[in-house]
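Text of protein_18.txt (compact mmCIF, C-alpha atoms) as supplied:
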# COMPACT_ATOMS: atom_id res chain seq x y z
CA MET A 27 42.55 213.83 -34.24
CA ASP A 28 42.83 210.27 -35.60
CA ASN A 29 39.31 209.65 -36.83
CA ARG A 30 40.22 207.29 -39.65
CA ALA A 31 37.85 204.55 -38.49
CA GLU A 32 34.96 207.02 -38.31
CA VAL A 33 35.70 208.31 -41.82
CA ARG A 34 36.09 204.80 -43.24
CA GLU A 35 32.84 203.53 -41.76
CA PHE A 36 30.88 206.61 -42.85
CA LEU A 37 32.09 206.56 -46.46
CA THR A 38 31.71 202.80 -46.87
CA SER A 39 28.19 202.93 -45.41
CA ARG A 40 27.19 205.73 -47.80
CA ARG A 41 28.74 203.87 -50.77
CA ALA A 42 26.78 200.75 -49.84
CA LYS A 43 23.50 202.71 -49.95
CA ILE A 44 23.84 203.88 -53.57
CA THR A 45 22.81 201.35 -56.20
CA PRO A 46 24.28 201.36 -59.71
CA ASP A 47 20.84 202.31 -61.06
CA GLN A 48 20.64 205.32 -58.75
CA ALA A 49 24.11 206.41 -59.84
CA ARG A 50 23.40 205.56 -63.50
CA VAL A 51 26.43 203.30 -63.59
CA PRO A 52 26.42 200.45 -66.15
CA GLN A 53 26.34 197.06 -64.44
CA ALA A 54 28.94 194.60 -65.67
CA GLY A 55 29.73 191.26 -64.11
CA ARG A 56 28.75 189.84 -60.77
CA ARG A 57 28.78 192.30 -57.87
CA ARG A 58 30.21 191.05 -54.59
CA VAL A 59 29.43 194.15 -52.54
CA PRO A 60 26.20 196.12 -52.00
CA GLY A 61 26.04 199.49 -53.61
CA LEU A 62 28.84 200.99 -55.67
CA ARG A 63 32.41 199.81 -56.08
CA ARG A 64 35.26 202.13 -55.09
CA SER A 65 36.25 202.43 -58.74
CA GLU A 66 32.75 203.58 -59.63
CA VAL A 67 32.73 206.26 -56.93
CA ALA A 68 36.17 207.40 -58.09
CA ASP A 69 34.93 207.72 -61.69
CA LEU A 70 31.86 209.66 -60.60
CA ALA A 71 34.01 211.98 -58.46
CA GLY A 72 36.60 212.49 -61.20
CA MET A 73 39.61 211.07 -59.37
CA SER A 74 41.82 207.99 -59.49
CA VAL A 75 40.63 204.89 -57.70
CA GLU A 76 43.91 204.84 -55.76
CA TYR A 77 43.27 208.34 -54.42
CA TYR A 78 39.66 207.62 -53.53
CA ALA A 79 40.66 204.37 -51.81
CA LYS A 80 43.14 206.36 -49.71
CA LEU A 81 40.42 208.81 -48.71
CA GLU A 82 37.97 206.05 -47.88
CA ARG A 83 40.59 204.46 -45.63
CA GLY A 84 40.30 207.61 -43.54
CA ALA A 85 42.97 209.99 -44.83
CA LEU A 86 40.82 213.13 -45.05
CA GLY A 87 43.27 215.52 -43.40
CA GLY A 88 44.08 218.46 -45.70
CA VAL A 89 41.63 217.42 -48.42
CA SER A 90 40.26 220.40 -50.36
CA ALA A 91 36.63 221.47 -50.32
CA SER A 92 36.35 220.73 -54.05
CA VAL A 93 37.39 217.11 -53.50
CA LEU A 94 34.92 216.73 -50.64
CA ASP A 95 32.19 218.23 -52.82
CA ALA A 96 33.01 215.77 -55.59
CA ILE A 97 32.72 212.84 -53.16
CA ALA A 98 29.45 214.21 -51.78
CA ARG A 99 28.00 214.44 -55.30
CA ALA A 100 29.20 210.96 -56.26
CA LEU A 101 27.67 209.44 -53.13
CA GLN A 102 24.51 211.57 -53.48
CA LEU A 103 24.83 212.83 -49.92
CA ASP A 104 22.04 214.97 -48.54
CA GLU A 105 22.77 218.27 -46.79
CA ALA A 106 23.20 216.68 -43.36
CA GLU A 107 25.52 213.97 -44.73
CA ARG A 108 27.56 216.50 -46.70
CA ALA A 109 28.00 218.68 -43.62
CA HIS A 110 29.02 215.59 -41.63
CA LEU A 111 31.69 214.74 -44.24
CA PHE A 112 33.13 218.24 -43.98
CA HIS A 113 33.14 218.05 -40.17
CA LEU A 114 35.01 214.74 -40.36
CA ALA A 115 37.59 216.36 -42.62
CA GLN A 116 37.98 219.29 -40.23
CA ALA A 117 38.48 216.90 -37.34
CA ALA A 118 41.07 214.95 -39.33
CA ASP A 119 43.25 218.02 -39.90
CA GLY A 120 42.62 219.52 -36.44
CA THR A 121 40.67 222.60 -37.49
CA SER A 122 37.48 221.56 -35.71
CA ALA A 123 39.12 222.00 -32.30
CA ALA A 124 40.18 225.56 -33.13
CA MET A 125 36.77 226.44 -34.59
CA ARG A 126 34.73 224.93 -31.78
CA PRO A 127 33.13 227.62 -29.57
CA ARG A 128 34.02 227.51 -25.91
CA ARG A 129 31.07 226.65 -23.72
CA ARG A 130 30.38 225.41 -20.26
CA SER A 131 29.65 221.79 -19.56
CA ARG A 132 26.17 220.70 -18.60
CA GLU A 133 27.27 220.25 -14.98
CA GLN A 134 28.27 223.93 -14.83
CA TRP A 135 25.44 225.30 -16.93
CA THR A 136 22.53 227.05 -15.29
CA VAL A 137 19.73 228.85 -17.08
CA ARG A 138 20.12 232.62 -17.11
CA PRO A 139 17.16 234.44 -15.51
CA SER A 140 16.47 236.31 -18.75
CA LEU A 141 16.39 233.05 -20.73
CA GLN A 142 13.98 231.52 -18.24
CA TRP A 143 11.83 234.65 -18.41
CA ALA A 144 11.76 234.31 -22.19
CA LEU A 145 10.70 230.67 -21.90
CA ASP A 146 8.02 231.49 -19.34
CA SER A 147 6.63 234.26 -21.55
CA ILE A 148 5.60 231.55 -24.04
CA THR A 149 2.36 230.51 -22.37
CA THR A 150 0.41 228.69 -25.09
CA ALA A 151 3.07 226.36 -26.48
CA PRO A 152 5.70 223.99 -25.04
CA ALA A 153 9.20 225.48 -25.26
CA ILE A 154 12.47 223.84 -24.27
CA VAL A 155 16.23 224.42 -24.38
CA GLY A 156 18.60 221.57 -25.14
CA ASN A 157 22.12 220.81 -26.31
CA ASN A 158 23.61 218.52 -28.94
CA ARG A 159 24.06 215.81 -26.30
CA SER A 160 20.25 215.52 -26.06
CA ASP A 161 20.14 216.98 -22.55
CA LEU A 162 16.90 218.75 -21.67
CA LEU A 163 18.29 221.83 -19.93
CA ALA A 164 15.36 224.21 -19.41
CA THR A 165 11.64 224.45 -20.19
CA ASN A 166 8.60 226.58 -19.73
CA HIS A 167 5.79 225.08 -17.63
CA LEU A 168 4.03 223.56 -20.64
CA GLY A 169 7.28 222.10 -21.96
CA ARG A 170 7.90 220.41 -18.63
CA ALA A 171 4.36 219.03 -18.72
CA LEU A 172 4.85 217.67 -22.26
CA TYR A 173 8.08 215.95 -21.32
CA ALA A 174 7.06 214.94 -17.80
CA ASP A 175 8.24 211.37 -18.43
CA LEU A 176 11.85 212.51 -18.80
CA TYR A 177 11.89 213.90 -15.27
CA ASN A 178 11.51 210.40 -13.83
CA ASP A 179 15.17 209.72 -14.62
CA PRO A 180 16.81 208.70 -11.32
CA ASN A 181 19.98 210.48 -12.44
CA GLY A 182 18.06 213.73 -12.15
CA ALA A 183 19.35 214.92 -15.52
CA PRO A 184 16.67 214.62 -18.25
CA ASN A 185 18.21 213.33 -21.47
CA PHE A 186 16.26 212.38 -24.59
CA ALA A 187 18.66 209.68 -25.74
CA ARG A 188 18.85 207.97 -22.36
CA PHE A 189 15.06 208.16 -22.02
CA THR A 190 14.48 206.75 -25.52
CA PHE A 191 16.70 203.70 -25.11
CA LEU A 192 16.72 202.98 -21.38
CA ASP A 193 13.22 203.89 -20.15
CA SER A 194 10.31 201.59 -21.07
CA ALA A 195 7.95 204.60 -20.91
CA ALA A 196 9.47 205.81 -24.18
CA HIS A 197 7.66 203.07 -26.10
CA ARG A 198 4.34 204.48 -24.90
CA PHE A 199 5.35 208.14 -25.21
CA TYR A 200 6.56 207.75 -28.83
CA PRO A 201 3.84 205.93 -30.86
CA ASP A 202 6.44 205.37 -33.61
CA TRP A 203 9.31 204.44 -31.33
CA ASP A 204 11.55 203.19 -34.14
CA LEU A 205 11.38 206.54 -35.91
CA ALA A 206 12.08 208.42 -32.66
CA ALA A 207 15.02 206.12 -31.95
CA ASP A 208 16.44 206.57 -35.46
CA MET A 209 16.17 210.35 -35.20
CA THR A 210 17.75 210.44 -31.75
CA VAL A 211 20.79 208.46 -32.86
CA ALA A 212 21.16 210.42 -36.10
CA ASN A 213 21.16 213.65 -34.06
CA LEU A 214 23.87 212.29 -31.77
CA ARG A 215 25.95 211.05 -34.73
CA THR A 216 25.70 214.51 -36.30
CA ALA A 217 26.77 216.12 -33.02
CA ALA A 218 29.74 213.77 -32.73
CA GLY A 219 30.92 214.85 -36.17
CA GLN A 220 30.55 218.52 -35.31
CA ASP A 221 32.20 218.24 -31.89
CA PRO A 222 34.49 215.17 -31.89
CA HIS A 223 36.32 216.24 -28.73
CA ASN A 224 33.20 216.45 -26.54
CA LYS A 225 33.94 214.04 -23.69
CA SER A 226 30.44 214.12 -22.20
CA LEU A 227 28.99 213.21 -25.60
CA HIS A 228 31.47 210.33 -25.95
CA ASP A 229 30.58 209.17 -22.43
CA LEU A 230 26.86 209.14 -23.29
CA VAL A 231 27.44 207.19 -26.49
CA GLY A 232 29.59 204.71 -24.58
CA GLU A 233 26.93 204.25 -21.90
CA LEU A 234 24.14 203.70 -24.40
CA SER A 235 26.25 201.39 -26.56
CA THR A 236 26.95 199.25 -23.51
CA ARG A 237 23.39 199.17 -22.21
CA SER A 238 21.26 199.09 -25.37
CA GLU A 239 21.63 196.77 -28.36
CA GLU A 240 19.01 198.88 -30.18
CA PHE A 241 21.21 201.95 -29.78
CA ARG A 242 24.39 200.07 -30.69
CA ARG A 243 22.87 198.79 -33.94
CA ARG A 244 21.63 202.22 -34.97
CA TRP A 245 24.92 203.91 -34.05
CA GLY A 246 26.70 201.56 -36.43
CA SER A 247 24.55 202.71 -39.35
CA HIS A 248 26.30 206.16 -39.39
CA ASN A 249 23.10 208.00 -40.33
CA VAL A 250 23.03 211.76 -39.68
CA ARG A 251 20.34 214.42 -39.88
CA THR A 252 19.69 218.14 -39.53
CA HIS A 253 17.31 218.88 -36.66
CA GLY A 254 15.50 222.16 -37.30
CA THR A 255 11.85 221.74 -38.16
CA GLY A 256 9.30 218.99 -38.59
CA THR A 257 6.45 217.16 -36.89
CA LYS A 258 6.52 214.79 -33.94
CA GLN A 259 3.90 212.46 -32.52
CA TYR A 260 3.43 211.71 -28.83
CA HIS A 261 1.11 209.78 -26.55
CA HIS A 262 1.00 211.76 -23.32
CA HIS A 263 -0.04 210.00 -20.13
CA VAL A 264 -2.66 212.68 -19.33
CA VAL A 265 -4.05 214.01 -22.63
CA GLY A 266 -3.39 211.16 -25.06
CA ASP A 267 -2.24 211.60 -28.65
CA LEU A 268 -0.53 214.76 -29.83
CA THR A 269 0.84 215.71 -33.25
CA LEU A 270 3.00 218.80 -32.88
CA ALA A 271 5.03 220.82 -35.35
CA TYR A 272 8.32 222.17 -34.04
CA GLU A 273 10.84 224.87 -34.91
CA SER A 274 14.35 224.95 -33.42
CA PHE A 275 16.57 228.05 -33.12
CA ASP A 276 20.22 228.31 -32.14
CA LEU A 277 20.83 230.54 -29.11
CA ARG A 278 23.45 233.09 -30.09
CA ALA A 279 24.42 233.82 -26.48
CA GLU A 280 24.72 230.10 -25.65
CA PRO A 281 26.89 228.34 -28.27
CA GLY A 282 25.83 224.75 -28.76
CA LEU A 283 22.34 225.25 -27.31
CA SER A 284 19.02 225.58 -29.11
CA MET A 285 15.45 226.49 -28.24
CA THR A 286 12.60 224.44 -29.65
CA ILE A 287 8.98 225.60 -29.70
CA TYR A 288 6.09 223.22 -30.42
CA ALA A 289 2.66 224.04 -31.87
CA ALA A 290 -0.45 222.19 -32.96
CA GLU A 291 -2.46 222.87 -36.09
CA PRO A 292 -5.24 225.32 -35.16
CA ASP A 293 -8.59 223.73 -34.27
CA SER A 294 -7.15 220.22 -34.62
CA PRO A 295 -7.58 217.42 -32.05
CA SER A 296 -3.97 218.05 -31.06
CA ALA A 297 -4.74 221.72 -30.43
CA HIS A 298 -7.53 220.74 -28.07
CA ALA A 299 -5.25 218.17 -26.38
CA LEU A 300 -2.56 220.83 -25.99
CA ALA A 301 -5.09 223.18 -24.37
CA LEU A 302 -6.04 220.36 -22.00
CA LEU A 303 -2.36 219.81 -21.22
CA ALA A 304 -2.01 223.51 -20.41
CA SER A 305 -4.99 223.30 -18.04
CA TRP A 306 -3.51 220.26 -16.33
CA ALA A 307 -0.06 221.83 -16.09
CA ALA A 308 -1.53 224.95 -14.50
CA THR A 309 -2.79 222.83 -11.60
CA GLN A 310 0.63 221.31 -10.91
CA GLN A 311 3.58 222.57 -8.96
CA PRO A 312 6.80 222.38 -11.06
CA THR A 313 8.05 219.45 -8.99
CA GLN A 314 4.69 217.68 -9.34
CA VAL A 315 4.60 217.48 -13.14
CA GLN A 316 5.70 213.85 -13.05
CA ALA A 317 4.73 211.00 -15.33
CA ARG A 318 2.31 208.44 -13.99
CA SER A 319 2.98 204.78 -14.44
Can you turn what I pasted into structure tokens?
Amino acid sequence: MDNRAEVREFLTSRRAKITPDQARVPQAGRRRVPGLRRSEVADLAGMSVEYYAKLERGALGGVSASVLDAIARALQLDEAERAHLFHLAQAADGTSAAMRPRRRSREQWTVRPSLQWALDSITTAPAIVGNNRSDLLATNHLGRALYADLYNDPNGAPNFARFTFLDSAAHRFYPDWDLAADMTVANLRTAAGQDPHNKSLHDLVGELSTRSEEFRRRWGSHNVRTHGTGTKQYHHHVVGDLTLAYESFDLRAEPGLSMTIYAAEPDSPSAHALALLASWAATQQPTQVQARS
């Protein structure tokens, strides 16, 4: 796969983020570029500037793990950024296609009865199943109630990225919309590095880039992240503000899919709001858990 432009833009964006002070590089002369110079990264990584310049131009195919590690250390990449660099290198030499697990597309995917039973057995917390394309594939009843706004999508296919950037309700649902938008794009950028041949993911990125300047600007930043645990804030149209911790787990039987379970701190205002959401959800038919304008 020819991903030279992707490699070049990622490495140059990471180099621009590291200041000489952060890298403990002596400053000499006037600097015409933000961040580090190529020669400074090369020195930090223990390689010639000519070789590093070749790599930064996108020639990552066949590069050893030790060289990638040296670049990651020089650029002070975090774990998500380091993993993204390795995925870019795998894509460059073609190994990512061979390593990628076979899985059905979203259009063909249907929730297995046993997976739905497992979701439904979680009765006191929202639980959802999604993929790296940000599709919301399955939920328990409380998860559907939490994300009721997403089911207003006229396409009939709930998608977090499309909701965040194309639905005005997202600005009410996410009190810190900018943070939610940054995280959504970073998740998609990470997924694109892990699965560069995913046509449906490319189609989604193309759609959002065409329709949303906010998405397009964030996509160009090349930020990535690992989505596994944390805290999210919501403003639900029925119960108001919620602060929920979440834990995500890969589904071994469904490569590329993950389950996320949300919980509120015991005896907190969010715990009481979540109990109220459960009471409201219990009064709704599945098709009636829709967001109100």
Please give the centre and size of the box around segment 162-180 of chain A (axis-aligned, containing every atom listed in the file, 5 Å added per side), with values in Å to one decimal and written as JSON.
{"center_x": 11.2, "center_y": 217.6, "center_z": -16.8, "size_x": 24.3, "size_y": 27.9, "size_z": 20.9}
### Query
So how far away is atom CA of Asp179 of chain A from atom CA of Thr309 of chain A, in Å?
22.4 Å
#### Entry: Closest of A:Asn158, A:Ser305, A:Leu114, A:Thr269 to Ser226 of chain A - atom-to-atom distances counting only C-alpha atoms
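Of A:Asn158, A:Ser305, A:Leu114, A:Thr269, the one nearest Ser226 of chain A is A:Asn158, counting only C-alpha atoms.
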## Note on the structure
Min atom-atom distance to Leu103 of chain A from the set A:Leu302, A:Val137, A:Thr210, A:Ile44, counting all atoms listed in the file, belongs to A:Ile44
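If all atoms listed in the file are the atoms counted, then among A:Pro201, A:Pro52, A:Gly254, A:Pro295 the closest residue to Asn213 of chain A is A:Gly254.
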### Summary
Counting only C-alpha atoms, closest pick from A:Ala118, A:Leu162, A:Val250, A:Val265 relative to Pro222 of chain A is A:Ala118
Counting all atoms listed in the file, which residues in segment 150-234 of chain A sit no more than 10 Å from segment 107-113 of chain A? For each one, give the nearest pair of atoms and the distance in Å, sorted by chain then residue number, as a tab-separated table.
residue	atom	partner	partner_atom	distance
A:Arg215	CA	A:His110	CA	8.8
A:Thr216	CA	A:His110	CA	6.4
A:Ala217	CA	A:His110	CA	8.9
A:Ala218	CA	A:His110	CA	9.1
A:Gly219	CA	A:His113	CA	5.6
A:Gln220	CA	A:His113	CA	5.5
A:Asp221	CA	A:His113	CA	8.3
A:Pro222	CA	A:His113	CA	8.9
### Query
Any idea what the distance is between atom CA of Ala290 of chain A and atom CA of Leu277 of chain A?
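Value for the atom CA of Ala290 of chain A-atom CA of Leu277 of chain A distance: 23.2 Å.
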### Task
Have a look at atom CA of Glu240 of chain A and atom CA of His197 of chain A and let me know their distance in Å, one decimal.
12.8 Å
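With distances restricted to all atoms listed in the file, A:Pro60 is the closest residue to Arg41 of chain A from A:Pro60, A:Gly84, A:Gly266, A:Gly120.
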### Query
Excluding same-chain residues fewer than 2 positions from segment 256-264 of chain A, what lies within 10 Å of it counting only C-alpha atoms, as a PyMOL selection string?
chain A and resi 171-175+195-203+205-206+253-254+266-274+288-290+296+299+302-303+306+316-319
Export of the given selection (C-alpha atoms) as a short mmCIF file (atom, residue, chain, number, x, y, z; two decimals), in the coordinates of the input:
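Result file part23.cif:
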data_model
loop_
_atom_site.label_atom_id
_atom_site.label_comp_id
_atom_site.auth_asym_id
_atom_site.auth_seq_id
_atom_site.Cartn_x
_atom_site.Cartn_y
_atom_site.Cartn_z
CA ALA A 171 4.36 219.03 -18.72
CA LEU A 172 4.85 217.67 -22.26
CA TYR A 173 8.08 215.95 -21.32
CA ALA A 174 7.06 214.94 -17.80
CA ASP A 175 8.24 211.37 -18.43
CA ALA A 195 7.95 204.60 -20.91
CA ALA A 196 9.47 205.81 -24.18
CA HIS A 197 7.66 203.07 -26.10
CA ARG A 198 4.34 204.48 -24.90
CA PHE A 199 5.35 208.14 -25.21
CA TYR A 200 6.56 207.75 -28.83
CA PRO A 201 3.84 205.93 -30.86
CA ASP A 202 6.44 205.37 -33.61
CA TRP A 203 9.31 204.44 -31.33
CA LEU A 205 11.38 206.54 -35.91
CA ALA A 206 12.08 208.42 -32.66
CA HIS A 253 17.31 218.88 -36.66
CA GLY A 254 15.50 222.16 -37.30
CA GLY A 266 -3.39 211.16 -25.06
CA ASP A 267 -2.24 211.60 -28.65
CA LEU A 268 -0.53 214.76 -29.83
CA THR A 269 0.84 215.71 -33.25
CA LEU A 270 3.00 218.80 -32.88
CA ALA A 271 5.03 220.82 -35.35
CA TYR A 272 8.32 222.17 -34.04
CA GLU A 273 10.84 224.87 -34.91
CA SER A 274 14.35 224.95 -33.42
CA TYR A 288 6.09 223.22 -30.42
CA ALA A 289 2.66 224.04 -31.87
CA ALA A 290 -0.45 222.19 -32.96
CA SER A 296 -3.97 218.05 -31.06
CA ALA A 299 -5.25 218.17 -26.38
CA LEU A 302 -6.04 220.36 -22.00
CA LEU A 303 -2.36 219.81 -21.22
CA TRP A 306 -3.51 220.26 -16.33
CA GLN A 316 5.70 213.85 -13.05
CA ALA A 317 4.73 211.00 -15.33
CA ARG A 318 2.31 208.44 -13.99
CA SER A 319 2.98 204.78 -14.44
#
### Nearest candidate to Gln310 of chain A (options A:Glu82, A:Arg34, A:Leu168, A:Gly87; using all atoms listed in the file)
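Smallest distance to Gln310 of chain A is found for A:Leu168.
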Within 7 Å of Leu70 of chain A, counting only C-alpha atoms, which residues qualify if same-chain residues fewer than 3 places away don't, as a compact mmCIF listing (two decimals) with C-alpha atoms, in the frame of the given file?
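As a result, part.txt now contains:
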# COMPACT_ATOMS: atom_id res chain seq x y z
CA GLU A 66 32.75 203.58 -59.63
CA VAL A 67 32.73 206.26 -56.93
CA ALA A 100 29.20 210.96 -56.26
Can you save segment 37-47 of chain A of the given block to a file, including all heavy atoms and formatted as a PDB file, in the first residue's frame?
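Dumped everything to decode-v1.pdb:
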ATOM      1  N   LEU A  37       4.494  12.048  10.646  1.00  0.00           N
ATOM      2  CA  LEU A  37       5.799  12.321  11.240  1.00  0.00           C
ATOM      3  C   LEU A  37       6.090  13.813  11.308  1.00  0.00           C
ATOM      4  O   LEU A  37       6.635  14.292  12.312  1.00  0.00           O
ATOM      5  CB  LEU A  37       6.895  11.595  10.451  1.00  0.00           C
ATOM      6  CG  LEU A  37       6.931  10.071  10.621  1.00  0.00           C
ATOM      7  CD1 LEU A  37       8.022   9.465   9.751  1.00  0.00           C
ATOM      8  CD2 LEU A  37       7.133   9.677  12.081  1.00  0.00           C
ATOM      9  N   THR A  38       5.745  14.562  10.278  1.00  0.00           N
ATOM     10  CA  THR A  38       6.008  16.003  10.330  1.00  0.00           C
ATOM     11  C   THR A  38       5.140  16.681  11.392  1.00  0.00           C
ATOM     12  O   THR A  38       5.591  17.606  12.070  1.00  0.00           O
ATOM     13  CB  THR A  38       5.775  16.663   8.965  1.00  0.00           C
ATOM     14  OG1 THR A  38       4.449  16.362   8.498  1.00  0.00           O
ATOM     15  CG2 THR A  38       6.793  16.188   7.944  1.00  0.00           C
ATOM     16  N   SER A  39       3.905  16.196  11.568  1.00  0.00           N
ATOM     17  CA  SER A  39       3.042  16.794  12.593  1.00  0.00           C
ATOM     18  C   SER A  39       3.555  16.479  13.990  1.00  0.00           C
ATOM     19  O   SER A  39       3.477  17.310  14.894  1.00  0.00           O
ATOM     20  CB  SER A  39       1.594  16.306  12.423  1.00  0.00           C
ATOM     21  OG  SER A  39       1.462  14.931  12.741  1.00  0.00           O
ATOM     22  N   ARG A  40       4.105  15.271  14.203  1.00  0.00           N
ATOM     23  CA  ARG A  40       4.655  14.941  15.514  1.00  0.00           C
ATOM     24  C   ARG A  40       5.949  15.731  15.759  1.00  0.00           C
ATOM     25  O   ARG A  40       6.199  16.190  16.884  1.00  0.00           O
ATOM     26  CB  ARG A  40       4.965  13.446  15.630  1.00  0.00           C
ATOM     27  CG  ARG A  40       3.792  12.496  15.495  1.00  0.00           C
ATOM     28  CD  ARG A  40       2.603  12.864  16.335  1.00  0.00           C
ATOM     29  NE  ARG A  40       1.656  13.683  15.589  1.00  0.00           N
ATOM     30  CZ  ARG A  40       0.491  14.086  16.033  1.00  0.00           C
ATOM     31  NH1 ARG A  40       0.113  13.783  17.260  1.00  0.00           N
ATOM     32  NH2 ARG A  40      -0.311  14.823  15.284  1.00  0.00           N
ATOM     33  N   ARG A  41       6.765  15.896  14.734  1.00  0.00           N
ATOM     34  CA  ARG A  41       8.010  16.664  14.879  1.00  0.00           C
ATOM     35  C   ARG A  41       7.709  18.117  15.232  1.00  0.00           C
ATOM     36  O   ARG A  41       8.422  18.738  16.027  1.00  0.00           O
ATOM     37  CB  ARG A  41       8.825  16.560  13.590  1.00  0.00           C
ATOM     38  CG  ARG A  41      10.115  17.350  13.603  1.00  0.00           C
ATOM     39  CD  ARG A  41      11.073  16.887  12.520  1.00  0.00           C
ATOM     40  NE  ARG A  41      10.531  17.011  11.188  1.00  0.00           N
ATOM     41  CZ  ARG A  41      10.580  18.117  10.442  1.00  0.00           C
ATOM     42  NH1 ARG A  41      11.135  19.223  10.937  1.00  0.00           N
ATOM     43  NH2 ARG A  41      10.090  18.139   9.215  1.00  0.00           N
ATOM     44  N   ALA A  42       6.634  18.654  14.646  1.00  0.00           N
ATOM     45  CA  ALA A  42       6.282  20.048  14.903  1.00  0.00           C
ATOM     46  C   ALA A  42       5.790  20.266  16.327  1.00  0.00           C
ATOM     47  O   ALA A  42       5.831  21.395  16.833  1.00  0.00           O
ATOM     48  CB  ALA A  42       5.211  20.505  13.908  1.00  0.00           C
ATOM     49  N   LYS A  43       5.352  19.196  16.996  1.00  0.00           N
ATOM     50  CA  LYS A  43       4.799  19.334  18.345  1.00  0.00           C
ATOM     51  C   LYS A  43       5.872  19.334  19.432  1.00  0.00           C
ATOM     52  O   LYS A  43       5.606  19.734  20.561  1.00  0.00           O
ATOM     53  CB  LYS A  43       3.809  18.194  18.625  1.00  0.00           C
ATOM     54  CG  LYS A  43       2.513  18.283  17.836  1.00  0.00           C
ATOM     55  CD  LYS A  43       1.593  17.123  18.164  1.00  0.00           C
ATOM     56  CE  LYS A  43       1.134  17.160  19.616  1.00  0.00           C
ATOM     57  NZ  LYS A  43       0.156  16.086  19.915  1.00  0.00           N
ATOM     58  N   ILE A  44       7.078  18.882  19.122  1.00  0.00           N
ATOM     59  CA  ILE A  44       8.133  18.764  20.120  1.00  0.00           C
ATOM     60  C   ILE A  44       9.037  19.987  20.055  1.00  0.00           C
ATOM     61  O   ILE A  44       9.647  20.267  19.023  1.00  0.00           O
ATOM     62  CB  ILE A  44       8.983  17.489  19.893  1.00  0.00           C
ATOM     63  CG1 ILE A  44       8.094  16.245  19.931  1.00  0.00           C
ATOM     64  CG2 ILE A  44      10.081  17.389  20.948  1.00  0.00           C
ATOM     65  CD1 ILE A  44       7.404  16.016  21.251  1.00  0.00           C
ATOM     66  N   THR A  45       9.121  20.722  21.143  1.00  0.00           N
ATOM     67  CA  THR A  45       9.974  21.901  21.183  1.00  0.00           C
ATOM     68  C   THR A  45      11.405  21.496  21.530  1.00  0.00           C
ATOM     69  O   THR A  45      11.632  20.428  22.131  1.00  0.00           O
ATOM     70  CB  THR A  45       9.474  22.906  22.226  1.00  0.00           C
ATOM     71  OG1 THR A  45       9.640  22.333  23.540  1.00  0.00           O
ATOM     72  CG2 THR A  45       8.004  23.252  21.997  1.00  0.00           C
ATOM     73  N   PRO A  46      12.374  22.318  21.162  1.00  0.00           N
ATOM     74  CA  PRO A  46      13.756  22.011  21.549  1.00  0.00           C
ATOM     75  C   PRO A  46      13.914  21.840  23.064  1.00  0.00           C
ATOM     76  O   PRO A  46      14.686  20.982  23.514  1.00  0.00           O
ATOM     77  CB  PRO A  46      14.531  23.229  21.027  1.00  0.00           C
ATOM     78  CG  PRO A  46      13.723  23.720  19.877  1.00  0.00           C
ATOM     79  CD  PRO A  46      12.294  23.489  20.280  1.00  0.00           C
ATOM     80  N   ASP A  47      13.205  22.639  23.842  1.00  0.00           N
ATOM     81  CA  ASP A  47      13.299  22.507  25.301  1.00  0.00           C
ATOM     82  C   ASP A  47      12.807  21.143  25.760  1.00  0.00           C
ATOM     83  O   ASP A  47      13.421  20.513  26.630  1.00  0.00           O
ATOM     84  CB  ASP A  47      12.491  23.606  25.981  1.00  0.00           C
ATOM     85  CG  ASP A  47      13.178  24.968  25.919  1.00  0.00           C
ATOM     86  OD1 ASP A  47      14.393  24.995  25.638  1.00  0.00           O
ATOM     87  OD2 ASP A  47      12.490  25.989  26.115  1.00  0.00           O
TER      88      ASP A  47
END
